[in-house]
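Engineer: Sharing upload-v1.txt (compact mmCIF, C-alpha atoms) below.
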# COMPACT_ATOMS: atom_id res chain seq x y z
CA MET O 26 -8.33 9.85 11.33
CA TYR O 27 -8.43 9.20 7.62
CA GLY O 28 -10.20 5.94 7.05
CA ASP O 29 -12.56 4.45 9.58
CA GLN O 30 -12.26 0.90 10.89
CA ALA O 31 -14.81 -0.36 8.36
CA THR O 32 -12.68 0.98 5.50
CA VAL O 33 -9.54 -0.55 7.01
CA ARG O 34 -11.28 -3.93 7.27
CA ARG O 35 -12.68 -3.67 3.73
CA ILE O 36 -9.26 -2.94 2.23
CA LEU O 37 -7.60 -5.76 4.16
CA THR O 38 -10.27 -8.41 3.60
CA GLU O 39 -12.38 -7.61 0.53
CA LEU O 40 -10.59 -5.47 -2.04
CA GLY O 41 -7.98 -7.94 -3.22
CA ASP O 42 -4.69 -9.55 -2.32
CA THR O 43 -2.20 -7.94 -4.73
CA TRP O 44 -0.47 -5.07 -2.95
CA ALA O 45 1.99 -2.79 -4.71
CA VAL O 46 4.32 -1.49 -2.00
CA VAL O 47 5.72 1.82 -3.19
CA GLY O 48 9.09 2.52 -1.61
CA LEU O 49 9.88 -1.15 -0.92
CA SER O 50 13.54 -2.01 -1.47
CA ALA O 51 15.88 -4.74 -0.24
CA ASN O 52 16.98 -2.45 2.61
CA ARG O 53 16.09 -4.50 5.70
CA SER O 54 16.29 -1.47 7.98
CA ARG O 55 13.38 0.30 6.26
CA ALA O 56 9.85 -0.08 7.61
CA ALA O 57 8.52 -1.15 4.21
CA PHE O 58 10.65 -4.29 4.32
CA GLY O 59 9.07 -5.58 7.53
CA VAL O 60 5.55 -4.49 6.66
CA ALA O 61 5.76 -6.34 3.33
CA GLN O 62 6.78 -9.49 5.21
CA VAL O 63 3.74 -9.20 7.46
CA LEU O 64 1.46 -8.70 4.45
CA GLN O 65 2.91 -11.85 2.88
CA ARG O 66 2.35 -13.82 6.09
CA PHE O 67 -1.30 -12.83 5.91
CA GLY O 68 -1.65 -14.07 2.32
CA LYS O 69 -1.05 -10.90 0.34
CA ARG O 70 1.05 -10.86 -2.81
CA ILE O 71 3.43 -7.94 -2.52
CA VAL O 72 4.85 -6.13 -5.55
CA PRO O 73 7.91 -4.00 -4.79
CA VAL O 74 7.83 -0.56 -6.45
CA HIS O 75 11.08 1.35 -6.20
CA PRO O 76 13.32 3.18 -8.70
CA LYS O 77 15.89 0.35 -8.34
CA ALA O 78 13.22 -2.26 -9.26
CA GLU O 79 14.78 -4.79 -6.89
CA THR O 80 13.43 -8.25 -6.17
CA VAL O 81 12.28 -8.29 -2.54
CA HIS O 82 10.83 -11.21 -0.55
CA GLY O 83 10.94 -13.31 -3.74
CA GLU O 84 8.81 -10.86 -5.74
CA ARG O 85 10.07 -9.02 -8.80
CA GLY O 86 10.25 -5.26 -8.41
CA TYR O 87 9.15 -2.52 -10.78
CA ALA O 88 10.40 1.06 -11.10
CA CYS O 89 6.88 2.55 -11.05
CA LEU O 90 3.25 1.50 -10.85
CA ALA O 91 2.76 1.93 -14.59
CA ASP O 92 5.46 -0.70 -15.26
CA ILE O 93 3.54 -3.46 -13.45
CA PRO O 94 2.07 -5.67 -16.22
CA PHE O 95 -0.88 -6.95 -14.18
CA GLU O 96 -3.67 -5.58 -12.02
CA VAL O 97 -2.93 -4.21 -8.58
CA ASP O 98 -5.63 -4.16 -5.90
CA VAL O 99 -4.06 -1.95 -3.23
CA VAL O 100 -1.22 0.57 -3.41
CA ASP O 101 0.63 0.84 -0.10
CA VAL O 102 2.64 4.07 0.01
CA PHE O 103 5.96 4.40 1.87
CA VAL O 104 7.16 7.73 0.47
CA ASN O 105 7.31 11.20 2.00
CA SER O 106 4.01 13.05 2.24
CA ASP O 107 5.13 15.58 -0.37
CA LEU O 108 5.52 12.74 -2.92
CA ALA O 109 2.53 10.66 -1.86
CA GLY O 110 -0.13 12.58 -3.77
CA ALA O 111 1.50 11.79 -7.10
CA VAL O 112 1.60 8.10 -6.14
CA ALA O 113 -2.10 8.20 -5.25
CA ASP O 114 -2.83 9.72 -8.67
CA GLU O 115 -0.79 6.93 -10.31
CA ALA O 116 -2.79 4.37 -8.32
CA VAL O 117 -6.03 5.83 -9.70
CA ALA O 118 -4.60 5.74 -13.24
CA LYS O 119 -3.44 2.13 -12.71
CA GLY O 120 -6.97 1.07 -11.75
CA ALA O 121 -6.21 0.10 -8.17
CA ARG O 122 -9.14 -0.44 -5.83
CA ALA O 123 -7.57 1.16 -2.76
CA VAL O 124 -4.68 3.32 -1.57
CA TRP O 125 -3.03 3.02 1.82
CA PHE O 126 -0.76 5.81 3.10
CA GLN O 127 1.54 4.54 5.85
CA LEU O 128 2.04 6.00 9.32
CA GLY O 129 3.21 9.59 9.00
CA VAL O 130 2.19 9.89 5.35
CA VAL O 131 -0.56 12.51 5.08
CA ASP O 132 -1.86 14.46 2.08
CA GLU O 133 -5.42 15.63 2.59
CA ALA O 134 -5.85 16.81 -1.02
CA ALA O 135 -4.70 13.42 -2.33
CA TYR O 136 -7.11 11.71 0.08
CA GLU O 137 -10.02 13.75 -1.29
CA ARG O 138 -8.99 13.19 -4.95
CA THR O 139 -8.54 9.47 -4.45
CA ARG O 140 -11.87 9.03 -2.65
CA ALA O 141 -13.61 11.16 -5.31
CA ALA O 142 -12.20 8.77 -7.94
CA GLY O 143 -14.01 5.93 -6.16
CA LEU O 144 -11.11 4.25 -4.40
CA ALA O 145 -11.10 3.24 -0.76
CA MET O 146 -8.33 4.97 1.14
CA VAL O 147 -6.75 5.18 4.55
CA MET O 148 -3.97 7.47 5.62
CA ASP O 149 -1.50 7.59 8.50
CA ARG O 150 -2.10 3.92 9.43
CA CYS O 151 -0.10 0.72 9.05
CA PRO O 152 -1.58 -2.50 7.65
CA ALA O 153 0.96 -4.57 9.61
CA ILE O 154 -0.59 -3.18 12.79
CA GLU O 155 -4.19 -3.44 11.57
CA ILE O 156 -4.27 -6.87 9.88
CA PRO O 157 -3.55 -8.96 13.02
CA ARG O 158 -6.41 -7.17 14.79
CA LEU O 159 -8.90 -8.62 12.29
CA ARG O 160 -8.58 -12.16 13.65
Please lay out the structure from this file as structure tokens.
Structural biologist:
Amino acid sequence: MYGDQATVRRILTELGDTWAVVGLSANRSRAAFGVAQVLQRFGKRIVPVHPKAETVHGERGYACLADIPFEVDVVDVFVNSDLAGAVADEAVAKGARAVWFQLGVVDEAAYERTRAAGLAMVMDRCPAIEIPRLR
């Protein structure tokens, strides 16, 4: 398990409410679409990050993290594991406070790099599953 329950709770309750959701598009059949809705219901501002830069759930999209013109607290990653490490590195460069790799997204080297850079991180978990458990 990458990220203990205390880290999960800290990311969801203390590290900020602006979540860049990498891989979020207007495709309703993708997991990112539903997870972003849950995050919004729990008071998070979602920022879609996808090459198409689509507006999703009323929020303007951006092609990459570097294009977002404001601070991002958490980067939620919905890309394949082989691409996730680069996104984690971009999150560090962006100044995010935490990185969250979704269910099935695992990159141990990226986890170590991201933690070494001082960011909180969980991997292979879903915030839409975890956030309701906090109540």
Engineer: Counting only C-alpha atoms, which residues in range 97-129 of chain O sit no more than 6 Å from range 37-48 of chain O? For each one, give the nearest pair of atoms and the distance in Å, sorted by chain then residue number, as CSV.
Structural biologist:
residue,atom,partner,partner_atom,distance
O:Val97,CA,O:Thr43,CA,5.4
O:Asp98,CA,O:Gly41,CA,5.2
O:Val99,CA,O:Trp44,CA,4.8
O:Val100,CA,O:Ala45,CA,4.8
O:Asp101,CA,O:Val46,CA,4.8
O:Val102,CA,O:Val47,CA,5.0
O:Phe103,CA,O:Gly48,CA,5.0
O:Val104,CA,O:Gly48,CA,5.9
Engineer: Counting all atoms listed in the file, which of O:Leu128, O:Ala78, O:Ile93, O:Ala134 gets nearest to Ala113 in chain O?
Structural biologist: O:Ala134
Engineer: Taking into account all atoms listed in the file, which residue in the set O:Asp114, O:Glu155, O:Asp132, O:Asp107 is nearest to Leu90 in chain O?
Structural biologist: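 Using all atoms listed in the file, the shortest distance to Leu90 in chain O belongs to O:Asp114.
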Engineer: In terms of the shortest atom-to-atom distance over all atoms listed in the file, which of O:Ile36, O:Phe126, O:Ala153, O:Arg158 is closest to Gln62 in chain O?
Structural biologist: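 Closest to Gln62 in chain O of all the choices is O:Ala153.
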Engineer: Determine the nearest neighbour of Glu133 in chain O from the options O:Gly68, O:Gly28, O:Pro157, O:Pro73, counting all atoms listed in the file.
Structural biologist: O:Gly28
Engineer: Calculated over only C-alpha atoms, which of the candidates O:Leu49, O:Ala91, O:Val124, O:Ala111 has the smallest distance to Pro152 in chain O?
Structural biologist: O:Val124
Engineer: For a cut-off of 9 Å around (3.8, -10.2, -5.5), file coordinates, pick out all residues using all atoms listed in the file and list them as a list in words.
Structural biologist: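 All residues meeting the 9 Å criterion around (3.8, -10.2, -5.5) are Thr43, Trp44, Ala45, Gln65, Lys69, Arg70, Ile71, Val72, Pro73, His82, Gly83, Glu84, Arg85 and Gly86 of chain O.
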Engineer: Work out how far apart CA of Arg34 in chain O and CA of Asn52 in chain O are and give it in Å to one decimal.
Structural biologist: 28.7 Å
Engineer: What does the distance between CA of Ala109 in chain O and CA of Arg66 in chain O come to in Å, to one decimal place?
Structural biologist: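 Answer for the CA of Ala109 in chain O to CA of Arg66 in chain O separation: 25.7 Å.
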Engineer: Work out how far apart CA of Ser54 in chain O and CA of Ala116 in chain O are and give it in Å to one decimal.
Structural biologist: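 Taking CA of Ser54 in chain O and CA of Ala116 in chain O, their separation equals 25.8 Å.
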Engineer: From the set O:Val60, O:Val74, O:Asp92, O:Cys151, which residue has the shortest atom-to-atom contact distance to Trp125 in chain O, counting only C-alpha atoms?
Structural biologist: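 Counting only C-alpha atoms, the residue closest to Trp125 in chain O is O:Cys151.
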Engineer: Could you write out as lines of an AutoDock Vina configuration file the box around range 89-99 of chain O (axis-aligned, all atoms listed in the file, 6 Å on each side), with centre and edge lengths in Å to one decimal?
Structural biologist:
center_x = 0.6
center_y = -2.2
center_z = -9.7
size_x = 24.5
size_y = 21.5
size_z = 25.0
